[in-house]
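What follows is a set of notes on a single structure, which appears directly below.
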Amino acid sequence: MEEVRIGVYVCWCGNNIAKMVDVEDVSREMETLPNVVISRDYKYMCSDPGQDLIISDVKKHKLNRVVVAACSPRIHELTFRKALENAGLNPYMFQMANIREHVSWVHRSRENATKKAKSLVAAAINRIQWHEALNKRSVEIDPATLIVGGGISGISAALEIADSGKQVYLVEKTSQLGGYAAQIDLISPFMYNAAQLINPKIEHVYIHPNIKVFLNTQIEEISGYIGNFETKITNSENQSIELKFGNIILAIGLSTFNPSKIQNYKYGIIPDVVTSLELEQVLKSGKILTNDGNVPQNIAIIHCVGSRNSNYHEYCSRLCCKNALKYSNLVRSAIPDANIFEIYADMRAMGNGCEELYSATSLKNVMFLMFDQKNGLPEVREASSKDNCKMLIEFDEKLSGERIEVPADLVILMVAKEAHKEAKKLAQTVGISMCGNQFFIERHPKLDPVATTTDGIYVVGSCQAPKDIPDSVAQARAAAARILGTINKGSVEVEVTTAKVNEDTCCGCQTCISVCPYTAISFDEEKQVSVVNEVLCKGCGTCGSACPTGAIRSQHFTDRQILSQIKGLLDKSFELQEG
Amino acid sequence: MAVYWGAACGGCCVSVLDVHEKLFDVVANADLVFWPIALDIKYADVEAMEDKFIDITLFNGAVRNSENEHMAKVLRQKSKLLVAYGSCAHMGGIPGLANFSTKEEILKQVYLKNITTENEDATLPNVSYEVEEGTLTLPKFYNDVRTLDQTVVVDYYMPGCPPQTERLLEVFMAIVSGNELPPKGSVIGAYDKGQCDECTRKKTDNKHIKEFKRPFEIEDDGETCFLEQGVICLGPATRGGCGHRCIEGNAPCRGCYGPPPDVSDPGAKMMSAVATMIDANEPEEIERITNQIVDPAGTFYRFSLPGSILRRKVKESLQ
């Protein structure tokens, strides 16, 4: 092994670190540790002069490893790795000790803070002795894209990608495109006609030379990794087709809550209790009638059916309030003298134009009545012959504090939006995560909302959480832009801190295979050892800690590196004082 | 050649005897100059030997008292090659489990609390005791059980409880035939790969444990991997070389052959592996399943506690 020559750099971070840590003392003491060739402190290590200091020292003192004691590696690890590259070193011959967030910002005793900083830097110095050079790898991108789901999200993404000249395979489980939006009559709050909005898009998809549509088709399995996925799909005639593509967009949309789970509402028992989705079909027919063909005089709209209730779904389904307001308006236009009751738990009509719709609706002689889900749900029952209506709805009205009865001839249940019934199966097929409500999880809830933790797989529209059309379209086009970016680049860099199997010590117990969340490990029957697909591996380290034989190394996080770091931390000379 | 026992059961010495008629090959190549189980040679005789007089010493047993320590140091000085022979010298072995107790707890249990002990005067062992005829002495009983290499520098390690006699002969013949020996500090007489490599039971990735079972609680088909039947088998965290005899005898591996080369703490490694096999997501369910492991410390660290990162239970006074 070459001689280990370490450079240590202790950053002041202006006064951020220096005010609580004696950085000069830390730097002096580190110089006495084995293999440390030079140790310095500097005002701002991340600045250009700071980085130049490292670069010139590497050359002058023939350093082959660099430790920087500064802020969090999440902020500047890449900065310093880059500096090492510029100095001609492998970027992984670097280790950062966080003496700002972990020390100066959280401690009050300068003496102890300085000792803790020394421990952390000593740990980094101990660890870096065992660092190994790792090389970047990249994979080529197949320019075709698979889109699963032909709703407004899938259609939007397909057109965006196809219009830029790239091949799209659009797979839809049902016999037609359009998804949930195609079942809607008018779209709240601006009352666009859904068919007029979506049908031209659907036509465009069918005739587009770069889009191949597969209707009545299911995804059997997907294998591969970013840039190089493969799938076998089967259509209703049982024909199997194999496709190859570089990226995947999941746009399978949502399902709606089955309200017969809530006995209070008598859905499925009283025929004039209908779901919001069933009402859309009624509206499309042009006439609002009860089950026996009469015009209803009393119309009740019950909100939050299955939403915001820990017995069903804790989350807000987001689309129902503004749709309920839409129904009040449509009923008022169709039956001018009807009594309309909005029985709501909380009015959450948010988004462009929705508050305005709420205000406008409240001027149209619509009765807004509030209930509290914690005090029980409204109870729907059949009225008696003398009541002059078909049903009565009884509940505690929250604002008046009274228990009241509301007459109804037609009850509209604003059913919750829930994850698609096929979501779980698909998540397992492609290897992505779901939240507790079985919606797909994005890579980062704020900063990476359409990617997933599996490279090359994107989630758009309501399969990630209930969404309206503008949000779904925005996500679809965002994913399309991301994919076109990688296609344009031609290749992507993949994780280098992956797991590696030492075939000389792997005994073939196969403990590692089922723990891998990315299905990156397989078993080589011939050699009787486990094999890690380094393109699929994300370097999470799960297999490394599960491997009982020590044959799997999590690169850059080997047992030896971590144990050395701990040993450095436990070095008695930097033990803290009591108190 | 010398064979010596520290804190040991005698099994290692018997494994040397187990060479049977091959003993003639051994004595044809080496004089046995010290072997308390078989030869009447006194400590003073050994102490009187020149340094490096002995070519090979097979030191079995752990170091748990002053006598063990003294002889370890003497034999180190008198031997060209010192081999930590067997699990106890290698990693601490079964006596090493005493590191889960303190010296005081052990003495109290053995001399005062034990149900078959009659000790009305509550006498405990003394290092020295005056009698009319003079002073009687006993070795000092240490708080810690140590491995041989925590006491003196060791040249080679030969694992096993006891090491397989065939492996001993291979190693012995390799040494006397003047073949090039592996680098000092190596484990000899064992493979780099774990037990599973040799084990003929059917292994899959289906290691999902809902119930931990002890061997008598399963109807073993003799073919399925023990772990896949919910029985803790230390095979994957244990070097091969023993001929997987326990598993051949339908008993799970207990780990006496020690960890493969890249494992520093076989108990922690195996615990970590077994934890990933627990087939549950709810904390209560995980706890219920984990509680089914009888004597987890003794199961995972049966042969390796003093040599592990853990080394011992923290003394009460330090807690």
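Ligands are numbered from 1 in the order shown, chains are lettered A, B, ... in the order of the structure tokens, and residues start at 1 in each chain.
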Pick out the residues sitting within 10 Å of Gln195 (chain B), and hand them over as a compact mmCIF listing (two decimals) with N, CA and C atoms, in the first residue's frame; count only C-alpha atoms, and ignore anything fewer than 4 positions along from it in its own chain.
```
# COMPACT_ATOMS: atom_id res chain seq x y z
N CYS A 507 -20.57 -17.23 0.85
CA CYS A 507 -20.78 -18.67 0.99
C CYS A 507 -22.14 -19.08 0.41
N GLY A 508 -22.88 -18.11 -0.14
CA GLY A 508 -24.13 -18.47 -0.82
C GLY A 508 -25.31 -18.66 0.09
N CYS A 509 -25.34 -17.99 1.24
CA CYS A 509 -26.48 -18.17 2.16
C CYS A 509 -27.72 -17.44 1.66
N THR A 549 -21.42 -12.99 6.44
CA THR A 549 -20.08 -13.49 6.18
C THR A 549 -19.08 -12.38 5.93
N TYR B 191 -11.36 -22.64 6.23
CA TYR B 191 -11.56 -22.01 4.92
C TYR B 191 -11.96 -20.54 5.07
N CYS B 199 -22.25 -26.81 3.15
CA CYS B 199 -23.50 -27.39 3.64
C CYS B 199 -24.34 -27.87 2.46
N THR B 200 -24.88 -29.09 2.58
CA THR B 200 -25.62 -29.67 1.46
C THR B 200 -27.12 -29.40 1.56
N CYS B 233 -28.92 -20.69 12.93
CA CYS B 233 -27.75 -21.45 12.56
C CYS B 233 -26.66 -20.43 12.25
N LEU B 234 -25.52 -20.54 12.92
CA LEU B 234 -24.46 -19.55 12.72
C LEU B 234 -23.58 -19.87 11.52
N GLY B 235 -24.01 -20.85 10.73
CA GLY B 235 -23.22 -21.28 9.57
C GLY B 235 -22.72 -20.16 8.69
N PRO B 236 -23.59 -19.22 8.24
CA PRO B 236 -23.10 -18.20 7.32
C PRO B 236 -22.05 -17.26 7.92
N ALA B 237 -22.01 -17.13 9.25
CA ALA B 237 -21.03 -16.25 9.87
C ALA B 237 -19.84 -17.03 10.42
N THR B 238 -19.71 -18.29 9.99
CA THR B 238 -18.68 -19.18 10.55
C THR B 238 -17.88 -19.82 9.43
N ARG B 239 -16.56 -19.84 9.57
CA ARG B 239 -15.71 -20.45 8.56
C ARG B 239 -16.01 -21.94 8.40
N GLY B 240 -15.85 -22.42 7.19
CA GLY B 240 -15.90 -23.85 6.95
C GLY B 240 -14.56 -24.47 7.32
N GLY B 241 -14.52 -25.79 7.25
CA GLY B 241 -13.28 -26.49 7.54
C GLY B 241 -13.51 -27.63 8.51
N CYS B 242 -14.62 -27.54 9.24
CA CYS B 242 -14.92 -28.57 10.22
C CYS B 242 -15.62 -29.76 9.57
N GLY B 243 -15.97 -29.60 8.29
CA GLY B 243 -16.75 -30.64 7.65
C GLY B 243 -18.23 -30.53 7.99
N HIS B 244 -18.63 -29.36 8.40
CA HIS B 244 -20.01 -29.05 8.84
C HIS B 244 -20.65 -30.24 9.55
N ILE B 247 -24.11 -29.77 11.35
CA ILE B 247 -25.23 -29.71 10.42
C ILE B 247 -25.48 -31.10 9.85
N CYS B 253 -25.32 -25.00 13.13
CA CYS B 253 -23.94 -24.59 13.45
C CYS B 253 -23.97 -23.63 14.63
N GLY B 255 -21.04 -22.03 15.65
CA GLY B 255 -20.08 -20.95 15.38
C GLY B 255 -18.67 -21.16 15.89
N TYR B 257 -16.01 -22.39 14.64
CA TYR B 257 -14.88 -22.16 13.72
C TYR B 257 -14.60 -20.68 13.48
N PRO B 260 -15.42 -15.57 9.21
CA PRO B 260 -14.65 -15.46 7.97
C PRO B 260 -13.75 -14.22 8.00
```
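Contact shell of Arg348 (chain A) at 8 Å (only C-alpha atoms; same-chain neighbours under 2 positions omitted): Arg318, Cys321, Lys322, Asp346 and Met350 of chain A.
Near Val473 (chain A), within 8 Å and counting only C-alpha atoms, sit Ile152, Ser153, Ser156, Ala157, Gly461, Ile469 and Arg477 of chain A, not including residues fewer than 4 positions from it in the same chain.
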Write a file of the selected residues as a PDB file, in the first residue's frame, keeping N, CA and C atoms.
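part-v4.pdb, freshly written:
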```pdb
ATOM      1  N   ILE A 152     -55.406  12.055 -18.135  1.00  0.00           N
ATOM      2  CA  ILE A 152     -54.926  13.349 -18.588  1.00  0.00           C
ATOM      3  C   ILE A 152     -53.422  13.510 -18.319  1.00  0.00           C
ATOM      4  N   SER A 153     -52.915  12.895 -17.217  1.00  0.00           N
ATOM      5  CA  SER A 153     -51.494  12.996 -16.909  1.00  0.00           C
ATOM      6  C   SER A 153     -50.663  12.243 -17.932  1.00  0.00           C
ATOM      7  N   SER A 156     -50.781  13.921 -21.365  1.00  0.00           N
ATOM      8  CA  SER A 156     -49.983  15.154 -21.431  1.00  0.00           C
ATOM      9  C   SER A 156     -48.496  14.838 -21.546  1.00  0.00           C
ATOM     10  N   ALA A 157     -48.045  13.869 -20.732  1.00  0.00           N
ATOM     11  CA  ALA A 157     -46.623  13.517 -20.764  1.00  0.00           C
ATOM     12  C   ALA A 157     -46.276  12.906 -22.119  1.00  0.00           C
ATOM     13  N   GLY A 461     -49.423  12.967 -11.583  1.00  0.00           N
ATOM     14  CA  GLY A 461     -50.866  12.970 -11.427  1.00  0.00           C
ATOM     15  C   GLY A 461     -51.314  12.362 -10.116  1.00  0.00           C
ATOM     16  N   ILE A 469     -56.735  18.826 -12.526  1.00  0.00           N
ATOM     17  CA  ILE A 469     -56.150  18.692 -13.858  1.00  0.00           C
ATOM     18  C   ILE A 469     -54.917  19.584 -14.050  1.00  0.00           C
ATOM     19  N   ARG A 477     -45.808  17.240 -17.432  1.00  0.00           N
ATOM     20  CA  ARG A 477     -44.837  17.931 -18.290  1.00  0.00           C
ATOM     21  C   ARG A 477     -43.486  18.081 -17.591  1.00  0.00           C
TER      22      ARG A 477
END
```
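Rounded to one decimal, CA of Leu536 (chain A) and CA of Ser554 (chain A) lie 14.0 Å from each other.
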* To do: Can you check which residues of chain B have any atom within 10 Å of chain A? Use only C-alpha atoms and format it as a PyMOL selection string.
  => chain B and resi 191-199+202-208+225+227+234-240+259-277+309
Now that the selection is made, can you save its residues with N, CA and C atoms as a compact mmCIF listing (two decimals), in the first residue's frame?
```
# COMPACT_ATOMS: atom_id res chain seq x y z
N TYR B 191 -11.36 -22.64 6.23
CA TYR B 191 -11.56 -22.01 4.92
C TYR B 191 -11.96 -20.54 5.07
N ASP B 192 -11.82 -19.79 3.96
CA ASP B 192 -12.28 -18.40 3.96
C ASP B 192 -13.80 -18.33 3.83
N LYS B 193 -14.38 -19.33 3.17
CA LYS B 193 -15.84 -19.29 2.97
C LYS B 193 -16.56 -19.84 4.18
N GLY B 194 -17.79 -19.40 4.34
CA GLY B 194 -18.62 -19.84 5.46
C GLY B 194 -19.10 -21.27 5.28
N GLN B 195 -19.75 -21.76 6.34
CA GLN B 195 -20.26 -23.13 6.36
C GLN B 195 -21.21 -23.43 5.20
N CYS B 196 -22.02 -22.42 4.80
CA CYS B 196 -23.05 -22.66 3.79
C CYS B 196 -22.45 -23.19 2.49
N ASP B 197 -21.21 -22.80 2.24
CA ASP B 197 -20.56 -23.21 1.01
C ASP B 197 -20.47 -24.74 0.92
N GLU B 198 -20.21 -25.38 2.06
CA GLU B 198 -20.08 -26.84 2.08
C GLU B 198 -21.42 -27.52 2.38
N CYS B 199 -22.25 -26.81 3.15
CA CYS B 199 -23.50 -27.39 3.64
C CYS B 199 -24.34 -27.87 2.46
N LYS B 202 -30.65 -27.40 1.28
CA LYS B 202 -31.13 -26.54 0.20
C LYS B 202 -31.30 -25.12 0.74
N LYS B 203 -30.60 -24.16 0.07
CA LYS B 203 -30.68 -22.77 0.52
C LYS B 203 -31.35 -21.91 -0.55
N THR B 204 -32.23 -21.03 -0.12
CA THR B 204 -32.87 -20.08 -1.04
C THR B 204 -32.80 -18.70 -0.38
N ASP B 205 -33.43 -17.72 -1.05
CA ASP B 205 -33.48 -16.39 -0.41
C ASP B 205 -34.73 -16.26 0.47
N ASN B 206 -35.42 -17.39 0.67
CA ASN B 206 -36.66 -17.35 1.44
C ASN B 206 -36.38 -17.42 2.94
N LYS B 207 -35.66 -16.45 3.46
CA LYS B 207 -35.34 -16.46 4.88
C LYS B 207 -36.22 -15.45 5.60
N HIS B 208 -37.47 -15.80 5.78
CA HIS B 208 -38.43 -14.91 6.43
C HIS B 208 -38.94 -15.61 7.68
N CYS B 225 -32.57 -25.53 4.69
CA CYS B 225 -31.71 -24.65 5.48
C CYS B 225 -32.33 -24.39 6.85
N LEU B 227 -32.03 -21.92 8.89
CA LEU B 227 -32.56 -20.56 9.05
C LEU B 227 -33.93 -20.44 8.40
N LEU B 234 -25.52 -20.54 12.92
CA LEU B 234 -24.46 -19.55 12.72
C LEU B 234 -23.58 -19.87 11.52
N GLY B 235 -24.01 -20.85 10.73
CA GLY B 235 -23.22 -21.28 9.57
C GLY B 235 -22.72 -20.16 8.69
N PRO B 236 -23.59 -19.22 8.24
CA PRO B 236 -23.10 -18.20 7.32
C PRO B 236 -22.05 -17.26 7.92
N ALA B 237 -22.01 -17.13 9.25
CA ALA B 237 -21.03 -16.25 9.87
C ALA B 237 -19.84 -17.03 10.42
N THR B 238 -19.71 -18.29 9.99
CA THR B 238 -18.68 -19.18 10.55
C THR B 238 -17.88 -19.82 9.43
N ARG B 239 -16.56 -19.84 9.57
CA ARG B 239 -15.71 -20.45 8.56
C ARG B 239 -16.01 -21.94 8.40
N GLY B 240 -15.85 -22.42 7.19
CA GLY B 240 -15.90 -23.85 6.95
C GLY B 240 -14.56 -24.47 7.32
N PRO B 259 -15.19 -16.41 12.76
CA PRO B 259 -15.69 -15.62 11.64
C PRO B 259 -14.80 -15.71 10.40
N PRO B 260 -15.42 -15.57 9.21
CA PRO B 260 -14.65 -15.46 7.97
C PRO B 260 -13.75 -14.22 8.00
N PRO B 261 -12.81 -14.11 7.08
CA PRO B 261 -11.75 -13.09 7.18
C PRO B 261 -12.23 -11.64 7.37
N ASP B 262 -13.33 -11.25 6.73
CA ASP B 262 -13.70 -9.84 6.80
C ASP B 262 -14.70 -9.51 7.91
N VAL B 263 -14.89 -10.44 8.83
CA VAL B 263 -15.83 -10.17 9.92
C VAL B 263 -15.05 -9.95 11.21
N SER B 264 -15.27 -8.79 11.84
CA SER B 264 -14.53 -8.55 13.07
C SER B 264 -15.32 -9.02 14.28
N ASP B 265 -16.64 -9.07 14.18
CA ASP B 265 -17.46 -9.45 15.32
C ASP B 265 -18.58 -10.37 14.82
N PRO B 266 -18.35 -11.70 14.87
CA PRO B 266 -19.32 -12.61 14.28
C PRO B 266 -20.69 -12.55 14.96
N GLY B 267 -20.71 -12.30 16.26
CA GLY B 267 -21.99 -12.22 16.97
C GLY B 267 -22.83 -11.07 16.44
N ALA B 268 -22.20 -9.90 16.31
CA ALA B 268 -22.92 -8.72 15.81
C ALA B 268 -23.36 -8.96 14.37
N LYS B 269 -22.49 -9.56 13.57
CA LYS B 269 -22.81 -9.81 12.17
C LYS B 269 -24.04 -10.72 12.05
N MET B 270 -24.02 -11.79 12.85
CA MET B 270 -25.11 -12.75 12.73
C MET B 270 -26.42 -12.17 13.28
N MET B 271 -26.29 -11.37 14.35
CA MET B 271 -27.49 -10.73 14.89
C MET B 271 -28.11 -9.81 13.85
N SER B 272 -27.23 -9.05 13.19
CA SER B 272 -27.68 -8.13 12.17
C SER B 272 -28.36 -8.89 11.04
N ALA B 273 -27.78 -10.03 10.65
CA ALA B 273 -28.36 -10.83 9.58
C ALA B 273 -29.71 -11.40 9.99
N VAL B 274 -29.77 -11.94 11.20
CA VAL B 274 -31.02 -12.55 11.68
C VAL B 274 -32.11 -11.48 11.80
N ALA B 275 -31.71 -10.26 12.20
CA ALA B 275 -32.69 -9.18 12.33
C ALA B 275 -33.37 -8.90 10.99
N THR B 276 -32.61 -9.02 9.90
CA THR B 276 -33.23 -8.74 8.59
C THR B 276 -34.18 -9.85 8.18
N MET B 277 -34.07 -10.99 8.84
CA MET B 277 -34.93 -12.13 8.45
C MET B 277 -36.28 -12.08 9.15
N ILE B 309 -15.90 -7.18 19.58
CA ILE B 309 -15.81 -5.76 19.91
C ILE B 309 -16.43 -5.52 21.30
```
* Find the spatial neighbours of region 60-66 of chain B, counting only C-alpha atoms, within a cut-off of 7 Å - ignore same-chain residues fewer than 5 positions away - and output them as a ChimeraX atom specification. => /B:4-8,12,84-86,88-89,92,139-142,144-148
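Between Gly307 (chain B) and the residues B:Arg76, B:Arg214, B:Arg201, B:His90, the shortest atom-to-atom distance, using only C-alpha atoms, involves B:His90.
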* Output as a VMD selection string all residues of region 21-179 of chain B that backbone DSSP marks as alpha helix (DSSP H). => chain B and resid 23 to 29 43 to 47 66 to 78 87 to 91 103 to 108 165 to 176
Please save C-alpha atoms of the selected residues as a tab-separated table (two decimals), in the first residue's frame.
```tsv
chain	number	residue	atom	x	y	z
B	23	LEU	CA	0.65	-40.01	16.14
B	24	PHE	CA	3.60	-42.09	14.95
B	25	ASP	CA	3.99	-39.68	12.02
B	26	VAL	CA	3.88	-36.81	14.48
B	27	VAL	CA	6.46	-38.23	16.88
B	28	ALA	CA	8.62	-39.26	13.93
B	29	ASN	CA	8.86	-35.59	13.08
B	43	TYR	CA	6.54	-25.96	34.60
B	44	ALA	CA	10.05	-25.53	36.01
B	45	ASP	CA	11.36	-27.77	33.21
B	46	VAL	CA	9.77	-25.49	30.64
B	47	GLU	CA	11.00	-22.37	32.37
B	66	SER	CA	-2.58	-15.76	36.56
B	67	GLU	CA	-1.37	-19.32	35.89
B	68	ASN	CA	-2.77	-19.23	32.33
B	69	GLU	CA	-1.15	-15.85	31.78
B	70	HIS	CA	2.21	-16.93	33.17
B	71	MET	CA	2.35	-20.04	30.99
B	72	ALA	CA	1.23	-18.10	27.93
B	73	LYS	CA	4.14	-15.73	28.43
B	74	VAL	CA	6.64	-18.52	29.17
B	75	LEU	CA	5.57	-20.54	26.14
B	76	ARG	CA	5.68	-17.46	23.93
B	77	GLN	CA	9.27	-16.95	24.97
B	78	LYS	CA	10.24	-20.59	24.52
B	87	SER	CA	-11.95	-21.66	19.99
B	88	CYS	CA	-10.95	-20.67	23.53
B	89	ALA	CA	-7.42	-19.55	22.66
B	90	HIS	CA	-8.71	-18.07	19.38
B	91	MET	CA	-11.75	-16.06	20.54
B	103	LYS	CA	-15.54	-12.04	39.07
B	104	GLU	CA	-17.56	-11.33	42.22
B	105	GLU	CA	-20.77	-12.68	40.71
B	106	ILE	CA	-19.02	-15.86	39.59
B	107	LEU	CA	-17.35	-16.55	42.94
B	108	LYS	CA	-20.59	-15.86	44.78
B	165	THR	CA	-7.96	-33.65	13.74
B	166	GLU	CA	-7.58	-33.90	9.92
B	167	ARG	CA	-6.94	-30.14	9.80
B	168	LEU	CA	-4.36	-30.48	12.59
B	169	LEU	CA	-2.49	-33.14	10.65
B	170	GLU	CA	-2.55	-31.03	7.48
B	171	VAL	CA	-1.19	-28.04	9.38
B	172	PHE	CA	1.39	-30.12	11.24
B	173	MET	CA	2.64	-31.82	8.09
B	174	ALA	CA	2.79	-28.47	6.31
B	175	ILE	CA	4.97	-27.06	9.08
B	176	VAL	CA	7.35	-30.05	9.38
```
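Neighbouring residues of Ile249 (chain A) at 9 Å or closer, counting only C-alpha atoms and skipping chain neighbours under 3 positions away, are A:Thr145, A:Leu146, A:Ile147, A:Val148, A:Gly149, A:Gly154, A:Ala157, A:Gly456, A:Ile457, A:Tyr458, A:Val459, A:Val460, A:Ala476, A:Ala479, A:Ala480.
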* CA of Val294 (chain B) and CA of Gly222 (chain B) are how many Å apart? -> 22.6 Å
* Can you tell me, as a PyMOL selection string, what residues are no more than 12 Å from Leu279 (chain A) when counting only C-alpha atoms, ignoring any on the same chain fewer than 4 positions away? -> chain A and resi 183-186+272-275+283-291+299+301+323-324+326-327+330-331+410-415
Export of the given selection (C-alpha atoms) as a compact mmCIF listing (two decimals), in the first residue's frame:
```
# COMPACT_ATOMS: atom_id res chain seq x y z
CA GLN A 183 -66.00 10.69 -16.71
CA ILE A 184 -66.59 14.30 -15.66
CA ASP A 185 -69.15 16.55 -17.31
CA LEU A 186 -67.96 20.06 -16.44
CA ASP A 272 -81.46 8.04 -4.40
CA VAL A 273 -78.19 8.15 -2.48
CA VAL A 274 -75.60 8.51 -5.25
CA THR A 275 -71.88 9.17 -5.45
CA LEU A 283 -75.41 15.49 -15.49
CA LYS A 284 -74.05 14.25 -18.81
CA SER A 285 -77.53 12.91 -19.65
CA GLY A 286 -78.79 16.47 -19.29
CA LYS A 287 -81.56 15.84 -16.71
CA ILE A 288 -81.38 15.58 -12.94
CA LEU A 289 -84.03 13.07 -11.89
CA THR A 290 -84.60 10.77 -8.93
CA ASN A 291 -84.62 7.01 -9.26
CA ILE A 299 -80.96 18.02 -2.84
CA ILE A 301 -74.65 17.20 -0.85
CA ASN A 323 -66.86 19.86 -7.07
CA ALA A 324 -69.64 20.03 -4.47
CA LYS A 326 -70.12 22.99 -8.81
CA TYR A 327 -73.08 20.67 -8.15
CA LEU A 330 -75.59 23.13 -11.71
CA VAL A 331 -78.62 22.04 -9.68
CA LEU A 410 -81.49 13.16 -3.77
CA VAL A 411 -78.33 12.73 -1.68
CA ILE A 412 -74.97 13.27 -3.36
CA LEU A 413 -72.01 11.73 -1.54
CA MET A 414 -68.69 13.49 -2.19
CA VAL A 415 -66.64 10.29 -2.13
```
* To do: Do a neighbour search on Leu84 (chain A) at 12 Å with only C-alpha atoms, toss out local chain neighbours closer than 4 positions, and write the hits as a ChimeraX atom specification.
  => /A:7,51-59,63-68,77-80,88-95,133
* **Atomic separation - CA of Pro143 (chain A) relative to CA of Gly246 (chain A), Å** => 5.9 Å
